[in-house]
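Quick look at coords_13.txt (compact mmCIF, C-alpha atoms and all ligand atoms):
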# COMPACT_ATOMS: atom_id res chain seq x y z
CA MET A 70 0.02 -12.52 5.09
CA SER A 71 1.55 -15.11 7.41
CA ASP A 72 2.36 -14.47 11.08
CA ALA A 73 6.09 -14.72 10.38
CA PRO A 74 7.96 -11.54 11.31
CA LEU A 75 8.57 -9.15 8.43
CA GLN A 76 12.05 -9.22 7.00
CA ILE A 77 13.44 -5.70 6.77
CA LEU A 78 16.32 -4.81 4.45
CA ILE A 79 18.97 -2.57 6.02
CA ASP A 80 22.10 -1.87 3.97
CA GLY A 81 21.82 -5.09 2.03
CA VAL A 82 21.02 -7.45 4.93
CA PHE A 83 17.59 -8.80 5.91
CA TYR A 84 16.67 -8.66 9.62
CA PRO A 85 13.49 -9.92 11.27
CA GLU A 86 11.45 -6.86 12.28
CA GLY A 87 12.29 -7.19 16.00
CA GLU A 88 15.98 -6.98 15.18
CA ALA A 89 15.80 -4.38 12.42
CA LYS A 90 17.47 -1.42 14.11
CA ILE A 91 19.57 1.60 13.25
CA SER A 92 22.02 3.61 15.32
CA VAL A 93 20.85 6.38 17.65
CA PHE A 94 23.59 8.44 15.96
CA ASP A 95 21.96 8.14 12.54
CA HIS A 96 21.22 11.68 11.38
CA GLY A 97 17.90 10.46 10.05
CA LEU A 98 16.86 10.16 13.69
CA LEU A 99 18.87 13.05 15.12
CA TYR A 100 17.88 15.63 12.49
CA GLY A 101 15.25 14.11 10.20
CA ASP A 102 18.08 14.15 7.69
CA GLY A 103 17.07 11.76 4.95
CA VAL A 104 14.47 11.03 2.28
CA PHE A 105 11.79 8.42 1.73
CA GLU A 106 9.18 6.97 -0.59
CA GLY A 107 5.84 5.26 -0.07
CA ILE A 108 5.23 2.76 -2.89
CA ARG A 109 2.36 0.35 -3.59
CA PHE A 110 2.37 -3.07 -5.20
CA TYR A 111 -0.66 -4.81 -6.55
CA HIS A 112 -0.98 -8.42 -7.74
CA ASP A 113 2.77 -9.08 -7.86
CA ARG A 114 3.59 -5.84 -9.65
CA VAL A 115 5.09 -2.63 -8.25
CA PHE A 116 3.13 0.39 -9.38
CA ARG A 117 5.22 3.18 -10.96
CA LEU A 118 8.45 1.87 -9.41
CA GLU A 119 10.70 3.83 -11.76
CA GLN A 120 9.04 7.13 -10.92
CA HIS A 121 9.43 6.48 -7.20
CA ILE A 122 13.11 5.64 -7.69
CA ASP A 123 13.56 8.80 -9.75
CA ARG A 124 11.81 10.90 -7.10
CA ILE A 125 13.90 9.58 -4.22
CA PHE A 126 17.07 10.30 -6.22
CA ASP A 127 15.77 13.81 -6.90
CA SER A 128 14.89 14.36 -3.23
CA ALA A 129 18.36 13.12 -2.25
CA LYS A 130 20.08 15.34 -4.80
CA ALA A 131 18.20 18.37 -3.52
CA ILE A 132 19.45 17.79 0.04
CA HIS A 133 22.96 16.90 -1.12
CA LEU A 134 22.66 13.28 -0.06
CA GLU A 135 24.41 10.60 -2.05
CA ILE A 136 22.43 7.39 -2.34
CA PRO A 137 25.01 4.57 -2.17
CA THR A 138 23.36 2.47 -4.89
CA THR A 139 22.48 2.83 -8.54
CA ARG A 140 18.85 3.37 -9.52
CA ALA A 141 18.66 -0.21 -10.78
CA GLU A 142 20.10 -1.60 -7.53
CA LEU A 143 17.63 0.41 -5.47
CA ALA A 144 14.72 -0.81 -7.59
CA ASP A 145 15.98 -4.40 -7.19
CA MET A 146 16.08 -3.93 -3.40
CA VAL A 147 12.39 -3.05 -3.47
CA THR A 148 11.35 -6.15 -5.42
CA ALA A 149 13.75 -8.38 -3.42
CA THR A 150 12.23 -7.19 -0.12
CA ILE A 151 8.73 -8.04 -1.34
CA ARG A 152 9.91 -11.49 -2.49
CA GLU A 153 11.69 -12.11 0.82
CA ASN A 154 8.34 -11.59 2.57
CA SER A 155 6.30 -13.54 0.01
CA LEU A 156 3.89 -10.63 -0.36
CA HIS A 157 1.57 -10.03 -3.30
CA ASP A 158 -0.26 -6.77 -2.49
CA GLY A 159 1.00 -4.11 -0.13
CA TYR A 160 3.05 -1.13 0.67
CA ILE A 161 6.77 -0.31 0.59
CA ARG A 162 8.55 2.22 2.73
CA LEU A 163 11.92 3.00 1.18
CA ILE A 164 14.16 5.21 3.32
CA VAL A 165 17.62 6.67 2.77
CA THR A 166 19.07 8.25 5.90
CA ARG A 167 22.17 10.42 6.09
CA GLY A 168 23.76 7.64 8.15
CA VAL A 169 25.76 7.52 11.35
CA GLY A 170 27.58 10.70 12.38
CA GLY A 171 28.41 12.62 15.52
CA LEU A 172 26.21 14.95 17.51
CA GLY A 173 26.40 18.00 15.30
CA LEU A 174 24.46 19.09 12.24
CA SER A 175 27.16 18.68 9.66
CA PRO A 176 26.33 15.83 7.29
CA TYR A 177 29.98 15.68 6.26
CA ARG A 178 30.76 13.64 9.37
CA CYS A 179 28.34 10.92 8.24
CA GLU A 180 30.36 8.44 6.30
CA LYS A 181 27.71 6.59 4.38
CA ALA A 182 23.98 6.88 3.84
CA SER A 183 21.87 3.94 5.00
CA VAL A 184 19.21 2.35 2.82
CA ILE A 185 16.20 0.74 4.51
CA CYS A 186 13.36 -1.06 2.79
CA ILE A 187 10.21 -2.22 4.58
CA ALA A 188 7.56 -4.21 2.71
CA SER A 189 4.26 -4.57 4.49
CA THR A 190 0.54 -4.58 4.06
CA ILE A 191 -1.29 -1.27 4.20
CA SER A 192 -4.31 -0.14 6.15
CA LEU A 193 -6.55 1.55 3.64
CA TYR A 194 -9.52 3.83 3.95
CA PRO A 195 -12.59 1.60 4.22
CA GLU A 196 -14.45 1.13 0.91
CA GLU A 197 -17.25 3.23 2.42
CA LYS A 198 -15.04 6.35 2.11
CA TYR A 199 -14.84 5.82 -1.65
CA GLU A 200 -18.64 5.67 -1.75
CA LYS A 201 -19.42 8.53 0.62
CA GLY A 202 -16.38 10.81 0.50
CA LEU A 203 -14.02 12.22 3.11
CA ILE A 204 -14.46 15.21 5.40
CA LEU A 205 -11.70 17.84 5.15
CA ALA A 206 -10.72 20.87 7.19
CA THR A 207 -8.16 23.62 6.62
CA CYS A 208 -5.04 23.28 8.79
CA ALA A 209 -3.30 26.18 10.52
CA THR A 210 0.16 24.78 9.71
CA ARG A 211 1.36 25.94 6.29
CA ARG A 212 3.53 24.15 3.75
CA PRO A 213 7.20 25.17 3.88
CA THR A 214 8.13 27.94 1.47
CA HIS A 215 10.53 27.41 -1.42
CA ASP A 216 13.10 29.58 0.36
CA SER A 217 13.19 27.22 3.35
CA LEU A 218 13.09 23.49 2.61
CA SER A 219 11.66 22.84 -0.84
CA PRO A 220 8.18 21.37 -0.45
CA ALA A 221 9.04 19.06 -3.35
CA VAL A 222 11.58 17.16 -1.25
CA LYS A 223 10.07 14.05 0.32
CA SER A 224 12.27 14.29 3.38
CA LEU A 225 12.19 12.58 6.76
CA ASN A 226 11.09 15.95 8.18
CA TYR A 227 7.33 15.45 8.21
CA LEU A 228 6.57 17.34 11.40
CA SER A 229 4.59 20.11 9.73
CA ASN A 230 2.45 17.46 8.00
CA VAL A 231 2.05 15.61 11.30
CA MET A 232 0.93 18.83 13.03
CA ALA A 233 -1.44 19.57 10.17
CA LYS A 234 -2.91 16.07 10.48
CA VAL A 235 -3.41 16.63 14.22
CA GLU A 236 -5.22 19.91 13.49
CA ALA A 237 -7.50 18.22 10.96
CA LEU A 238 -8.34 15.37 13.33
CA GLN A 239 -8.94 17.78 16.21
CA ALA A 240 -11.33 19.70 13.96
CA GLY A 241 -13.31 16.48 13.49
CA ALA A 242 -12.15 15.99 9.89
CA GLU A 243 -10.42 13.00 8.30
CA GLU A 244 -7.84 14.91 6.26
CA GLY A 245 -6.42 18.42 6.32
CA VAL A 246 -5.91 20.97 3.55
CA MET A 247 -2.53 22.67 3.80
CA LEU A 248 -2.11 26.17 2.37
CA ASN A 249 1.13 27.80 1.32
CA ALA A 250 2.51 30.93 3.02
CA GLU A 251 0.39 33.13 0.73
CA GLY A 252 -2.79 31.28 1.58
CA TYR A 253 -3.18 29.36 -1.69
CA VAL A 254 -4.14 25.70 -1.49
CA ALA A 255 -1.11 23.42 -1.76
CA GLU A 256 -2.19 19.87 -0.89
CA CYS A 257 -3.36 17.63 1.93
CA THR A 258 -1.06 16.17 4.58
CA GLY A 259 -0.24 13.15 2.40
CA ASP A 260 -2.30 13.61 -0.76
CA ASN A 261 -2.64 15.96 -3.73
CA ILE A 262 -5.89 17.81 -4.45
CA PHE A 263 -8.07 18.04 -7.56
CA ILE A 264 -11.38 19.78 -8.22
CA VAL A 265 -13.89 19.62 -11.05
CA LYS A 266 -15.77 22.79 -12.04
CA ASP A 267 -18.06 23.03 -15.07
CA GLY A 268 -16.52 19.89 -16.55
CA ILE A 269 -12.90 21.12 -16.29
CA ILE A 270 -10.42 19.47 -13.91
CA TYR A 271 -8.06 21.71 -11.92
CA THR A 272 -5.18 20.93 -9.57
CA PRO A 273 -2.79 23.28 -7.74
CA THR A 274 0.51 23.83 -9.54
CA VAL A 275 3.46 22.17 -7.83
CA ALA A 276 4.85 25.71 -7.36
CA SER A 277 1.96 26.23 -4.88
CA GLY A 278 3.93 24.04 -2.46
CA SER A 279 2.85 20.49 -3.19
CA LEU A 280 4.80 17.34 -3.79
CA TYR A 281 5.30 16.03 -7.34
CA GLY A 282 2.76 13.35 -6.51
CA ILE A 283 3.11 10.20 -8.54
CA THR A 284 -0.60 9.42 -8.26
CA ARG A 285 -1.25 13.06 -9.23
CA LYS A 286 0.74 12.53 -12.41
CA VAL A 287 -1.04 9.27 -13.20
CA VAL A 288 -4.44 10.92 -12.72
CA ILE A 289 -3.43 13.83 -14.95
CA GLU A 290 -2.47 11.30 -17.65
CA LEU A 291 -5.73 9.37 -17.23
CA ALA A 292 -7.80 12.55 -17.35
CA LEU A 293 -6.07 13.77 -20.51
CA GLU A 294 -6.44 10.33 -22.13
CA ALA A 295 -10.15 10.44 -21.34
CA GLY A 296 -10.37 13.78 -23.16
CA PHE A 297 -10.80 16.11 -20.17
CA ASP A 298 -9.51 19.67 -20.11
CA LEU A 299 -7.09 19.73 -17.15
CA ARG A 300 -5.39 22.84 -15.79
CA GLU A 301 -2.66 23.32 -13.18
CA VAL A 302 -3.44 26.61 -11.45
CA MET A 303 -3.09 28.64 -8.25
CA MET A 304 -6.15 27.73 -6.25
CA SER A 305 -7.85 29.23 -3.18
CA ARG A 306 -10.12 27.74 -0.54
CA TYR A 307 -12.98 29.48 -2.40
CA ASP A 308 -12.30 27.31 -5.45
CA LEU A 309 -12.56 24.19 -3.30
CA TYR A 310 -15.72 25.32 -1.49
CA THR A 311 -17.49 26.04 -4.77
CA ALA A 312 -16.24 23.01 -6.73
CA ASP A 313 -18.68 20.55 -8.31
CA GLU A 314 -16.37 17.72 -7.27
CA LEU A 315 -13.29 17.46 -5.08
CA PHE A 316 -10.99 14.48 -4.78
CA LEU A 317 -7.56 13.56 -3.42
CA THR A 318 -4.80 11.44 -4.92
CA GLY A 319 -1.96 9.62 -3.18
CA THR A 320 -0.19 6.30 -3.01
CA ALA A 321 -2.07 5.29 0.13
CA ALA A 322 -5.46 6.86 -0.70
CA GLU A 323 -5.35 6.20 -4.47
CA VAL A 324 -8.20 8.41 -5.78
CA VAL A 325 -10.66 9.28 -3.02
CA PRO A 326 -13.67 11.62 -3.17
CA VAL A 327 -14.35 14.45 -0.71
CA ALA A 328 -17.88 15.12 0.53
CA GLU A 329 -17.34 18.06 2.85
CA TYR A 330 -14.69 20.75 3.42
CA ASP A 331 -14.73 23.30 6.26
CA GLN A 332 -18.40 22.49 6.84
CA ARG A 333 -19.30 23.19 3.19
CA VAL A 334 -20.95 20.33 1.32
CA ILE A 335 -19.03 19.79 -1.91
CA GLY A 336 -21.23 19.63 -5.00
CA SER A 337 -24.10 17.24 -4.42
CA GLY A 338 -22.36 15.78 -1.35
CA GLU A 339 -21.86 12.51 -3.22
CA PRO A 340 -18.87 11.46 -5.32
CA GLY A 341 -19.42 13.02 -8.76
CA PRO A 342 -19.24 11.37 -12.18
CA VAL A 343 -15.74 12.59 -13.05
CA THR A 344 -14.34 11.35 -9.73
CA ARG A 345 -16.02 7.98 -10.23
CA GLN A 346 -14.70 7.68 -13.76
CA LEU A 347 -11.15 8.43 -12.59
CA ILE A 348 -11.40 5.98 -9.66
CA THR A 349 -12.38 3.25 -12.13
CA ALA A 350 -9.63 4.16 -14.60
CA PHE A 351 -7.05 4.27 -11.81
CA ARG A 352 -8.11 0.88 -10.45
CA ASN A 353 -7.91 -0.65 -13.92
CA LEU A 354 -4.41 0.74 -14.38
CA VAL A 355 -2.99 -0.57 -11.09
CA GLU A 356 -4.41 -4.01 -11.87
CA THR A 357 -2.78 -4.18 -15.28
CA THR A 358 0.58 -2.37 -15.10
CA GLY A 359 3.74 -2.31 -12.97
CA THR A 360 7.18 -3.84 -12.52
CA PRO A 361 6.94 -7.65 -12.07
CA ILE A 362 8.12 -8.88 -8.65
CA TYR A 363 8.38 -12.64 -9.17
N1 LIG A 401 1.78 15.09 -0.72
C1 LIG A 401 2.51 14.67 0.31
C2 LIG A 401 2.99 15.66 1.31
C3 LIG A 401 2.81 13.31 0.44
O1 LIG A 401 3.56 12.88 1.45
C4 LIG A 401 1.54 12.89 -1.58
C5 LIG A 401 1.30 14.24 -1.66
C6 LIG A 401 1.03 12.00 -2.67
O2 LIG A 401 2.10 11.59 -3.49
P1 LIG A 401 2.12 10.17 -4.21
O3 LIG A 401 3.41 10.16 -4.93
O4 LIG A 401 2.02 9.14 -3.12
O5 LIG A 401 0.96 10.12 -5.11
C7 LIG A 401 2.32 12.39 -0.52
C8 LIG A 401 2.60 10.94 -0.41
C9 LIG A 401 1.85 7.55 4.65
C10 LIG A 401 2.03 7.78 3.20
O6 LIG A 401 2.41 6.59 5.17
C11 LIG A 401 2.22 9.05 2.70
C12 LIG A 401 2.40 9.24 1.36
C13 LIG A 401 2.38 8.19 0.49
C14 LIG A 401 2.21 6.91 1.00
C15 LIG A 401 2.02 6.70 2.37
O7 LIG A 401 1.14 8.34 5.28
N2 LIG A 401 2.55 10.53 0.92

Using the file provided, produce a representation of the structure as structure tokens.
Ligand code: PXG
Amino acid sequence: MSDAPLQILIDGVFYPEGEAKISVFDHGLLYGDGVFEGIRFYHDRVFRLEQHIDRIFDSAKAIHLEIPTTRAELADMVTATIRENSLHDGYIRLIVTRGVGGLGLSPYRCEKASVICIASTISLYPEEKYEKGLILATCATRRPTHDSLSPAVKSLNYLSNVMAKVEALQAGAEEGVMLNAEGYVAECTGDNIFIVKDGIIYTPTVASGSLYGITRKVVIELALEAGFDLREVMMSRYDLYTADELFLTGTAAEVVPVAEYDQRVIGSGEPGPVTRQLITAFRNLVETTGTPIY
């Protein structure tokens, strides 16, 4: 990457990063009223772009937010932002805010949603984490219940995840496991969870309170293609403690093994064979598929 300032797309216009600003009356800032996506691109191709576009439209629909573009236009904004910055590998943050309105909760006073696209590089876990595995701890902060804000909405309201991350870091861990209100395992603060037990792969059902993770879906497809038995179930901390293997999936983390959870060593304490196989399959896939940018 060059030292030139990043060019940020806001409502169809590129601004150098120092000048890329939104109003203090945007309800995205005032109320966390908006939705977002984190997207990766590898070797001039955007990974699973269509699924990310679909998910942001679904998140927006769920919160009654009208995205002021078509799906195709939004996808084009993503690739155009990468081109504008001459990037080849990196990370996209796509944001749709409710837009400018008055002080007052009602979204009906916001005339038009704003669309922001940031293309940047990403700071990844060091390769060592993929060799040794992460340390996890259970967080006190629970996932929202389906009768409050749906946990499937990728909204700008990430405070419970932020608090959960703080709790995990304060406990000396690198990531935190978030439970739902009933105490079942939902997901990590920005990743989905999988275990392997007696050769079978399990992941919490989305109804447990997790996001419809795009990496989760890819890994499910890869596991099924490789002939594994994979089950979406309600899962407790016990299931994680006693797993043979435990790994996380997410756009930022990709597929990353876990070595320790709540001071329990997971399996042998080293990334297991199934996790390694899926890391390799995932890396092959991101190198060979995706929406062309140039
Ligand atoms: N759960 C939550 C709560 C997330 O926010 C995932 C699971 C994994 O989903 P995907 O679709 O990425 O496989 C996420 C995704 C960041 C960052 O900046 C966060 C995510 C993705 C990319 C970057 O911390 N969260």

- Message: ligand LIG 401 (chain A): which residues are within 10 Å, counting only C-alpha atoms and all ligand atoms? Reply as a ChimeraX atom specification.
- Response: /A:105-109,117,120-121,124,160-162,191-192,212,220-224,227,229-231,247,255-262,278-288,317-324

Find the spatial neighbours of A:Gly268, counting all atoms listed in the file, within a cut-off of 12 Å - ignore same-chain residues fewer than 4 positions away - and output them as a compact mmCIF listing (two decimals) with C-alpha atoms, keeping the file's coordinate frame.
# COMPACT_ATOMS: atom_id res chain seq x y z
CA ILE A 264 -11.38 19.78 -8.22
CA ALA A 292 -7.80 12.55 -17.35
CA GLY A 296 -10.37 13.78 -23.16
CA PHE A 297 -10.80 16.11 -20.17
CA ASP A 298 -9.51 19.67 -20.11
CA LEU A 299 -7.09 19.73 -17.15
CA ARG A 300 -5.39 22.84 -15.79
CA ALA A 312 -16.24 23.01 -6.73
CA ASP A 313 -18.68 20.55 -8.31
CA GLU A 314 -16.37 17.72 -7.27
CA GLY A 341 -19.42 13.02 -8.76
CA PRO A 342 -19.24 11.37 -12.18
CA VAL A 343 -15.74 12.59 -13.05
CA THR A 344 -14.34 11.35 -9.73

Taking 6 positions as the minimum chain separation for residues in the same chain, which residues sit within 10 Å of stretch 86-90 of chain A when counting only C-alpha atoms? Answer as a short mmCIF file (atom, residue, chain, number, x, y, z; two decimals) with C-alpha atoms, keeping the file's coordinate frame.
data_model
loop_
_atom_site.label_atom_id
_atom_site.label_comp_id
_atom_site.auth_asym_id
_atom_site.auth_seq_id
_atom_site.Cartn_x
_atom_site.Cartn_y
_atom_site.Cartn_z
CA ALA A 73 6.09 -14.72 10.38
CA PRO A 74 7.96 -11.54 11.31
CA LEU A 75 8.57 -9.15 8.43
CA GLN A 76 12.05 -9.22 7.00
CA ILE A 77 13.44 -5.70 6.77
CA LEU A 78 16.32 -4.81 4.45
CA ILE A 79 18.97 -2.57 6.02
CA ILE A 185 16.20 0.74 4.51
CA ILE A 187 10.21 -2.22 4.58
#

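With all atoms listed in the file as the atoms that count, the residue of A:Thr358, A:Gln346, A:Val327, A:Thr139 with the shortest distance to A:Tyr199 is A:Val327.
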
- Test item: residues at most 12 Å from stretch 330-336 of chain A, all atoms listed in the file, excluding those fewer than 5 positions along its chain, as a count of residues only: 35

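The spacing separating atom CA of A:Gly101 from atom CA of A:Asn226 amounts to 5.0 Å.
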
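In this structure, atom CA of A:Pro326 sits 11.3 Å away from atom CA of A:Tyr194.
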
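Residue nearest A:Ala250, chosen from A:Leu174, A:Thr274, A:Ala233, A:Thr210 and counting all atoms listed in the file: A:Thr210.
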
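Picture a line from atom CA of A:Phe83 to atom CA of A:Cys179; it runs 22.6 Å.
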
Could you give me the axis-aligned bounding box of stretch 309-314 of chain A, with 5 Å of padding per side, as centre plus edge lengths in Å to one decimal, as JSON?
{"center_x": -15.6, "center_y": 21.9, "center_z": -4.9, "size_x": 16.1, "size_y": 18.3, "size_z": 16.8}

- Can you work out which one of A:Ala295, A:Met146, A:Met303, A:Leu98 has the shortest atom-to-atom distance to A:Phe263, counting all atoms listed in the file? A:Met303

- Task: Taking (20.4, 11.8, -1.6) in the file's own coordinates, collect the residues within 10 Å, counting only C-alpha atoms, and hand them back as a ChimeraX atom specification.
- Result: /A:102-105,125-137,165-167,182,224

Quick one: write out the picked residues with C-alpha atoms as a PDB file, keeping the file's coordinate frame?
ATOM      1  CA  ASP A 102      18.080  14.150   7.690  1.00  0.00           C
ATOM      2  CA  GLY A 103      17.070  11.760   4.950  1.00  0.00           C
ATOM      3  CA  VAL A 104      14.470  11.030   2.280  1.00  0.00           C
ATOM      4  CA  PHE A 105      11.790   8.420   1.730  1.00  0.00           C
ATOM      5  CA  ILE A 125      13.900   9.580  -4.220  1.00  0.00           C
ATOM      6  CA  PHE A 126      17.070  10.300  -6.220  1.00  0.00           C
ATOM      7  CA  ASP A 127      15.770  13.810  -6.900  1.00  0.00           C
ATOM      8  CA  SER A 128      14.890  14.360  -3.230  1.00  0.00           C
ATOM      9  CA  ALA A 129      18.360  13.120  -2.250  1.00  0.00           C
ATOM     10  CA  LYS A 130      20.080  15.340  -4.800  1.00  0.00           C
ATOM     11  CA  ALA A 131      18.200  18.370  -3.520  1.00  0.00           C
ATOM     12  CA  ILE A 132      19.450  17.790   0.040  1.00  0.00           C
ATOM     13  CA  HIS A 133      22.960  16.900  -1.120  1.00  0.00           C
ATOM     14  CA  LEU A 134      22.660  13.280  -0.060  1.00  0.00           C
ATOM     15  CA  GLU A 135      24.410  10.600  -2.050  1.00  0.00           C
ATOM     16  CA  ILE A 136      22.430   7.390  -2.340  1.00  0.00           C
ATOM     17  CA  PRO A 137      25.010   4.570  -2.170  1.00  0.00           C
ATOM     18  CA  VAL A 165      17.620   6.670   2.770  1.00  0.00           C
ATOM     19  CA  THR A 166      19.070   8.250   5.900  1.00  0.00           C
ATOM     20  CA  ARG A 167      22.170  10.420   6.090  1.00  0.00           C
ATOM     21  CA  ALA A 182      23.980   6.880   3.840  1.00  0.00           C
ATOM     22  CA  SER A 224      12.270  14.290   3.380  1.00  0.00           C
TER      23      SER A 224
END

- Tell me, as an MDAnalysis selection string, which residues lie within 6 Å of A:Glu301, counting all atoms listed in the file; anything in the same chain fewer than 2 positions away does not count. chainID A and resid 271:274

- Item | Long-range neighbours of A:Ile122 as a PyMOL selection string, 9 Å cut-off, only C-alpha atoms, 6 positions minimum in chain | chain A and resi 106+140-141+143-144

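Compared by their closest atoms to A:Val147, and using only C-alpha atoms, the residues A:Ile164, A:Leu172, A:Cys186, A:Ala350 rank with A:Cys186 nearest.
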
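Restricting the calculation to only C-alpha atoms, the smallest distance between A:Pro340 and any of A:Glu200, A:Ile151, A:Met304, A:Glu356 is found for A:Glu200.
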